[in-house]
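Everything below belongs to coords.txt, which stores compact mmCIF, C-alpha atoms.
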# COMPACT_ATOMS: atom_id res chain seq x y z
CA LEU U 8 5.28 -8.26 8.12
CA LEU U 9 1.57 -7.72 8.80
CA HIS U 10 2.42 -5.36 11.65
CA SER U 11 4.61 -3.20 9.38
CA LEU U 12 1.91 -3.12 6.65
CA VAL U 13 -0.71 -2.01 9.17
CA SER U 14 1.71 0.63 10.46
CA VAL U 15 2.32 2.01 6.96
CA ALA U 16 -1.44 2.05 6.20
CA ALA U 17 -2.18 3.82 9.49
CA LEU U 18 0.59 6.34 8.84
CA MET U 19 -0.73 7.07 5.33
CA LEU U 20 -4.28 7.51 6.61
CA TYR U 21 -3.02 9.79 9.37
CA LEU U 22 -0.99 11.85 6.87
CA GLN U 23 -3.98 12.21 4.51
CA THR U 24 -6.28 13.20 7.38
CA VAL U 25 -3.88 15.83 8.70
CA LEU U 26 -3.34 17.18 5.20
CA PHE U 27 -7.11 17.40 4.65
CA PHE U 28 -7.58 19.37 7.87
CA VAL U 29 -4.63 21.64 7.00
CA ILE U 30 -6.37 22.43 3.71
CA LEU U 31 -9.69 23.10 5.47
CA ARG U 32 -8.07 25.41 7.98
CA GLY U 33 -5.66 27.26 5.73
CA TRP U 34 -7.26 27.89 2.37
CA ARG U 35 -9.05 31.07 3.54
CA ALA U 36 -7.08 31.97 6.64
CA PRO U 37 -5.69 35.46 7.23
CA THR U 38 -2.03 35.60 6.24
CA ALA U 39 0.99 37.67 7.07
CA THR U 40 1.75 38.11 3.35
CA GLY U 41 -0.69 40.96 2.84
CA ALA U 42 -3.62 38.97 1.45
CA ARG U 43 -6.94 40.43 2.49
CA LEU U 44 -8.81 38.64 5.24
CA GLY U 45 -10.86 35.72 3.93
CA ALA U 46 -9.33 35.75 0.44
CA VAL U 47 -8.71 32.39 -1.19
CA ARG U 48 -5.05 31.40 -1.06
CA TRP U 49 -4.86 29.73 -4.47
CA ARG U 50 -1.16 28.78 -4.33
CA PHE U 51 -1.66 27.13 -0.95
CA LEU U 52 -4.83 25.38 -2.09
CA ILE U 53 -3.36 24.08 -5.37
CA ASN U 54 -0.17 22.82 -3.67
CA HIS U 55 -1.85 21.05 -0.80
CA ALA U 56 -4.83 19.68 -2.75
CA GLY U 57 -2.41 18.33 -5.38
CA LEU U 58 -0.35 16.62 -2.69
CA LEU U 59 -3.48 15.14 -1.12
CA LEU U 60 -4.74 13.91 -4.52
CA ALA U 61 -1.38 12.35 -5.44
CA LEU U 62 -1.02 10.61 -2.06
CA ALA U 63 -4.62 9.39 -2.00
CA SER U 64 -4.43 8.12 -5.59
CA ALA U 65 -1.26 6.18 -4.90
CA PHE U 66 -2.54 4.77 -1.60
CA TRP U 67 -6.12 3.92 -2.58
CA GLY U 68 -5.26 3.03 -6.19
CA ALA U 69 -2.64 0.40 -5.39
CA PRO U 70 -5.16 -2.35 -4.55
CA ASP U 71 -7.05 -1.64 -7.78
CA SER U 72 -3.96 -2.08 -9.96
CA GLU U 73 -3.63 -5.34 -11.83
CA THR U 74 -1.01 -6.84 -14.14
CA LEU U 75 -1.95 -9.65 -16.50
CA ARG U 76 0.06 -11.68 -19.01
CA LEU U 77 -1.41 -13.09 -22.23
CA GLN U 78 0.30 -15.28 -24.79
CA ALA U 79 -1.01 -14.28 -28.22
CA HIS U 80 -0.69 -16.92 -30.94
CA ARG U 81 -0.74 -16.33 -34.68
CA ASP U 82 -4.27 -16.43 -36.14
CA LEU U 83 -5.75 -17.76 -32.91
CA PRO U 84 -7.92 -15.34 -30.89
CA SER U 85 -7.48 -15.53 -27.14
CA ARG U 86 -9.19 -14.07 -24.07
CA GLU U 87 -7.20 -15.97 -21.43
CA ALA U 88 -4.79 -13.89 -19.41
CA TYR U 89 -3.01 -14.79 -16.20
CA ARG U 90 -2.43 -12.67 -13.12
CA MET U 91 0.99 -12.51 -11.53
CA ASP U 92 -0.11 -15.11 -8.96
CA GLY U 93 -0.99 -17.55 -11.78
CA ALA U 94 -4.77 -17.21 -11.55
CA LEU U 95 -6.71 -17.21 -14.80
CA SER U 96 -8.54 -14.02 -15.76
CA MET U 97 -10.80 -13.84 -18.79
CA LEU U 98 -10.63 -10.61 -20.79
CA THR U 99 -13.71 -8.90 -22.15
CA TYR U 100 -12.06 -8.64 -25.58
CA GLU U 101 -10.11 -10.93 -27.90
CA VAL U 102 -6.45 -10.56 -28.84
CA GLU U 103 -4.98 -12.21 -31.92
CA LEU U 104 -1.42 -12.07 -33.27
CA LYS U 105 -1.26 -11.32 -36.99
CA GLU U 106 2.38 -10.56 -37.71
CA PHE U 107 5.60 -10.55 -35.74
CA THR U 108 8.88 -8.93 -36.80
CA VAL U 109 12.31 -9.22 -35.20
CA SER U 110 15.24 -7.03 -36.26
CA ARG U 111 18.63 -8.37 -35.28
CA TYR U 112 22.16 -7.03 -34.88
CA GLU U 113 24.99 -8.60 -36.87
CA ASN U 114 25.80 -10.95 -33.98
CA GLY U 115 22.21 -12.30 -33.98
CA THR U 116 20.84 -10.66 -30.85
CA PRO U 117 17.49 -8.92 -31.23
CA SER U 118 17.65 -5.16 -31.61
CA MET U 119 13.93 -4.48 -31.98
CA PHE U 120 10.77 -6.51 -32.18
CA GLU U 121 7.21 -5.53 -32.91
CA ALA U 122 3.90 -7.30 -33.16
CA GLU U 123 0.87 -6.59 -35.28
CA VAL U 124 -2.14 -7.73 -33.24
CA LEU U 125 -5.89 -7.50 -33.53
CA ILE U 126 -7.59 -6.16 -30.42
CA GLU U 127 -11.36 -6.26 -30.77
CA ASP U 128 -10.79 -6.62 -34.56
CA LYS U 129 -8.77 -3.39 -34.59
CA PRO U 130 -5.20 -3.66 -35.95
CA VAL U 131 -2.62 -2.41 -33.46
CA THR U 132 1.17 -2.31 -33.74
CA LEU U 133 2.96 -2.97 -30.45
CA ARG U 134 6.63 -2.29 -29.81
CA VAL U 135 8.69 -2.67 -26.66
CA ASN U 136 8.04 0.25 -24.25
CA GLU U 137 5.37 1.72 -26.55
CA PRO U 138 2.06 0.62 -25.02
CA TYR U 139 -1.35 0.70 -26.62
CA ALA U 140 -3.94 2.47 -24.49
CA LYS U 141 -6.90 0.10 -24.63
CA SER U 142 -9.05 2.20 -22.34
CA PHE U 143 -8.80 5.00 -19.77
CA GLY U 144 -6.74 3.03 -17.25
CA GLU U 145 -5.62 -0.03 -19.24
CA ASP U 146 -2.42 -0.26 -21.29
CA ILE U 147 -1.16 -3.23 -23.33
CA TYR U 148 2.60 -3.76 -23.65
CA LEU U 149 4.65 -6.14 -25.78
CA SER U 150 6.89 -7.87 -23.27
CA GLY U 151 8.34 -10.94 -25.01
CA TYR U 152 8.18 -13.42 -27.83
CA ASP U 153 8.74 -17.05 -28.74
CA MET U 154 9.65 -17.67 -32.37
CA ASN U 155 9.91 -21.07 -34.03
CA ASP U 156 12.26 -20.32 -36.94
CA SER U 157 11.55 -23.58 -38.77
CA ASP U 158 8.00 -22.71 -39.85
CA LYS U 159 7.91 -18.95 -39.00
CA THR U 160 5.15 -19.44 -36.45
CA GLY U 161 5.37 -18.19 -32.96
CA SER U 162 3.73 -16.23 -30.26
CA CYS U 163 4.26 -13.07 -28.30
CA VAL U 164 3.69 -12.27 -24.67
CA LEU U 165 1.54 -9.24 -23.95
CA GLN U 166 1.38 -7.54 -20.59
CA ILE U 167 -1.89 -5.85 -19.69
CA VAL U 168 -1.57 -3.23 -16.96
CA ARG U 169 -4.73 -1.88 -15.35
CA GLU U 170 -4.26 1.25 -13.24
CA PRO U 171 -7.59 3.06 -12.88
CA TRP U 172 -6.17 5.74 -10.56
CA LYS U 173 -3.16 6.66 -12.71
CA TYR U 174 -4.61 9.86 -14.18
CA SER U 175 -5.80 11.21 -10.84
CA ALA U 176 -2.26 10.79 -9.50
CA LEU U 177 -0.95 12.59 -12.58
CA ILE U 178 -3.42 15.45 -12.02
CA GLY U 179 -2.21 15.70 -8.40
CA ILE U 180 1.42 15.91 -9.50
CA ILE U 181 0.57 18.56 -12.11
CA MET U 182 -1.30 20.54 -9.43
CA MET U 183 1.73 20.42 -7.12
CA LEU U 184 4.04 21.57 -9.94
CA SER U 185 1.61 24.37 -10.85
CA GLY U 186 1.38 25.47 -7.23
CA ALA U 187 5.16 25.48 -6.93
CA LEU U 188 5.44 27.55 -10.11
CA LEU U 189 2.83 30.01 -8.77
CA LEU U 190 4.77 30.28 -5.49
CA PHE U 191 7.95 31.01 -7.44
CA VAL U 192 6.28 33.59 -9.69
CA GLY U 193 4.08 35.19 -7.03
CA GLY U 194 6.72 35.34 -4.33
How does this structure look as structure tokens?
Amino acid sequence: LLHSLVSVAALMLYLQTVLFFVILRGWRAPTATGARLGAVRWRFLINHAGLLLALASAFWGAPDSETLRLQAHRDLPSREAYRMDGALSMLTYEVELKEFTVSRYENGTPSMFEAEVLIEDKPVTLRVNEPYAKSFGEDIYLSGYDMNDSDKTGSCVLQIVREPWKYSALIGIIMMLSGALLLFVGG
């Protein structure tokens, strides 16, 4: 397993290095397409730089990504979140559940649930697959709940996803799409 991980890492580093040198060599090279000698080849540059940015963001950003789970209780602020390996991680902000709503189908299965939470004393409504962007690279999702129907108390499970490189990967993908569009339009 370690051998295959090292092989994949070496292959990714090799690919990024080759791509970098291709960009250095080809962004102002003379072309057979009629571009004047030494002119900047913008379509080439945008395509290849976007690919390099997307690959580098995915490769170098993966170790920086983190997923945490927090159980938010009604009227009880909490900072304790747990990593996927079970290790405790203290948040720099407090999360408190204020209200929880479950809509059900006629057969009793949940159709939709949402939570009203306080994050740093700011009211936020969370729904499934509709995250709250806490900061530049941190999103908070509603991922589950535990309701005690006898006294209407309960808790919800929040998933905190930290991906600091997500927007640089998005910029790389947009650059590749723009370069492809320019190649299509410009011939």
Go through stretch 125-192 of chain U residue by residue and, counting all atoms listed in the file, keep those with an atom at most 9 Å from stretch 103-107 of chain U; for each kept residue give the shortest atom pair and its distance in Å to one decimal, ordered by chain and increasing number, as JSON lines.
{"residue": "U:Leu125", "atom": "CA", "partner": "U:Glu103", "partner_atom": "CA", "distance": 5.1}
{"residue": "U:Ile126", "atom": "CA", "partner": "U:Glu103", "partner_atom": "CA", "distance": 6.8}
{"residue": "U:Glu127", "atom": "CA", "partner": "U:Glu103", "partner_atom": "CA", "distance": 8.8}
{"residue": "U:Asp128", "atom": "CA", "partner": "U:Glu103", "partner_atom": "CA", "distance": 8.5}
{"residue": "U:Pro130", "atom": "CA", "partner": "U:Lys105", "partner_atom": "CA", "distance": 8.7}
{"residue": "U:Tyr152", "atom": "CA", "partner": "U:Phe107", "partner_atom": "CA", "distance": 8.8}
{"residue": "U:Met154", "atom": "CA", "partner": "U:Phe107", "partner_atom": "CA", "distance": 8.9}
{"residue": "U:Thr160", "atom": "CA", "partner": "U:Phe107", "partner_atom": "CA", "distance": 8.9}
{"residue": "U:Gly161", "atom": "CA", "partner": "U:Phe107", "partner_atom": "CA", "distance": 8.1}
{"residue": "U:Ser162", "atom": "CA", "partner": "U:Leu104", "partner_atom": "CA", "distance": 7.3}
{"residue": "U:Cys163", "atom": "CA", "partner": "U:Leu104", "partner_atom": "CA", "distance": 7.6}
Report task. For each of U:Thr99, U:Ala122, U:Leu60, U:Ser11, take the minimum atom-to-atom distance to U:Arg81, counting all atoms listed in the file, then give the residue where this is smallest. Result ->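 Between U:Thr99, U:Ala122, U:Leu60, U:Ser11, the residue approaching U:Arg81 most closely is U:Ala122.
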Requested in this report: Counting only C-alpha atoms, find the residues whose atoms lie at most 7 Å from (-2.9, 12.1, 0.5) (file coordinates) and write them out as a list in words.
Outcome: Leu22, Gln23, Leu26, Leu58, Leu59, Leu60, Ala61, Leu62 and Ala63 of chain U
Writing out the chosen residues with C-alpha atoms as an mmCIF file, keeping the file's coordinate frame:
data_model
loop_
_atom_site.group_PDB
_atom_site.id
_atom_site.type_symbol
_atom_site.label_atom_id
_atom_site.label_comp_id
_atom_site.auth_asym_id
_atom_site.auth_seq_id
_atom_site.Cartn_x
_atom_site.Cartn_y
_atom_site.Cartn_z
ATOM 1 C CA LEU U 22 -0.990 11.850 6.870
ATOM 2 C CA GLN U 23 -3.980 12.210 4.510
ATOM 3 C CA LEU U 26 -3.340 17.180 5.200
ATOM 4 C CA LEU U 58 -0.350 16.620 -2.690
ATOM 5 C CA LEU U 59 -3.480 15.140 -1.120
ATOM 6 C CA LEU U 60 -4.740 13.910 -4.520
ATOM 7 C CA ALA U 61 -1.380 12.350 -5.440
ATOM 8 C CA LEU U 62 -1.020 10.610 -2.060
ATOM 9 C CA ALA U 63 -4.620 9.390 -2.000
#
Query raised in the report: Using all atoms listed in the file, which residue out of U:Ser142, U:Thr108, U:Ser185, U:Thr74 lies closest to U:Val168?
Result: U:Thr74
**Report entry** Distance query stretch 135-138 of chain U at most 8 Å, all atoms listed in the file, self and fewer than 6 positions along chain excluded, as a ChimeraX atom specification
**Finding:** /U:119-121,146-150
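Put simply, atom CA of U:Ile178 is 24.0 Å away from atom CA of U:Val15.
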Requested in this report: Between U:Asp82, U:Asp92, U:Tyr100, U:Tyr112, single out the one closest to U:Val124, counting only C-alpha atoms.
Outcome: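 For U:Val124, the nearest of the candidates is U:Asp82.
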**Report entry** Spatial neighbours of U:Trp34, 6 Å, all atoms listed in the file, chain gap at least 3 places, as a list in words
**Finding:** Ile30, Val47, Arg48 and Leu52 of chain U
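For U:Leu190, the residues within 12 Å (counting all atoms listed in the file, excluding itself and residues fewer than 3 positions away along the chain) are Arg48, Trp49, Arg50, Phe51, Leu52, Ile53, Asn54, Met183, Leu184, Ser185, Gly186, Ala187, Gly193 and Gly194 of chain U.
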Query raised in the report: Skipping near chain neighbours, those fewer than 4 positions away, what residues fall within 12 Å of U:Arg169 using only C-alpha atoms, listed as a list in words?
Result: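 Here the answer would be Gly68, Ala69, Pro70, Asp71, Ser72, Glu73, Thr74, Leu75, Arg76, Arg90, Leu98, Ala140, Lys141, Ser142, Phe143, Gly144, Glu145, Asp146, Ile147, Tyr148, Lys173 and Tyr174 of chain U.
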Report task. Provide the atom CA of U:Met19 to atom CA of U:Ser175 distance in Å, to one decimal place. Result -> 17.4 Å
Report task. Go through U:Thr24, U:Gln78, U:Ser14, U:Ser96 and flag the residue nearest U:Gly151, using all atoms listed in the file for the distances. Result ->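 Selected residue with least distance to U:Gly151: U:Gln78.
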Query raised in the report: How many Å separate atom CA of U:Lys129 from atom CA of U:Asp153?
Result: 23.0 Å
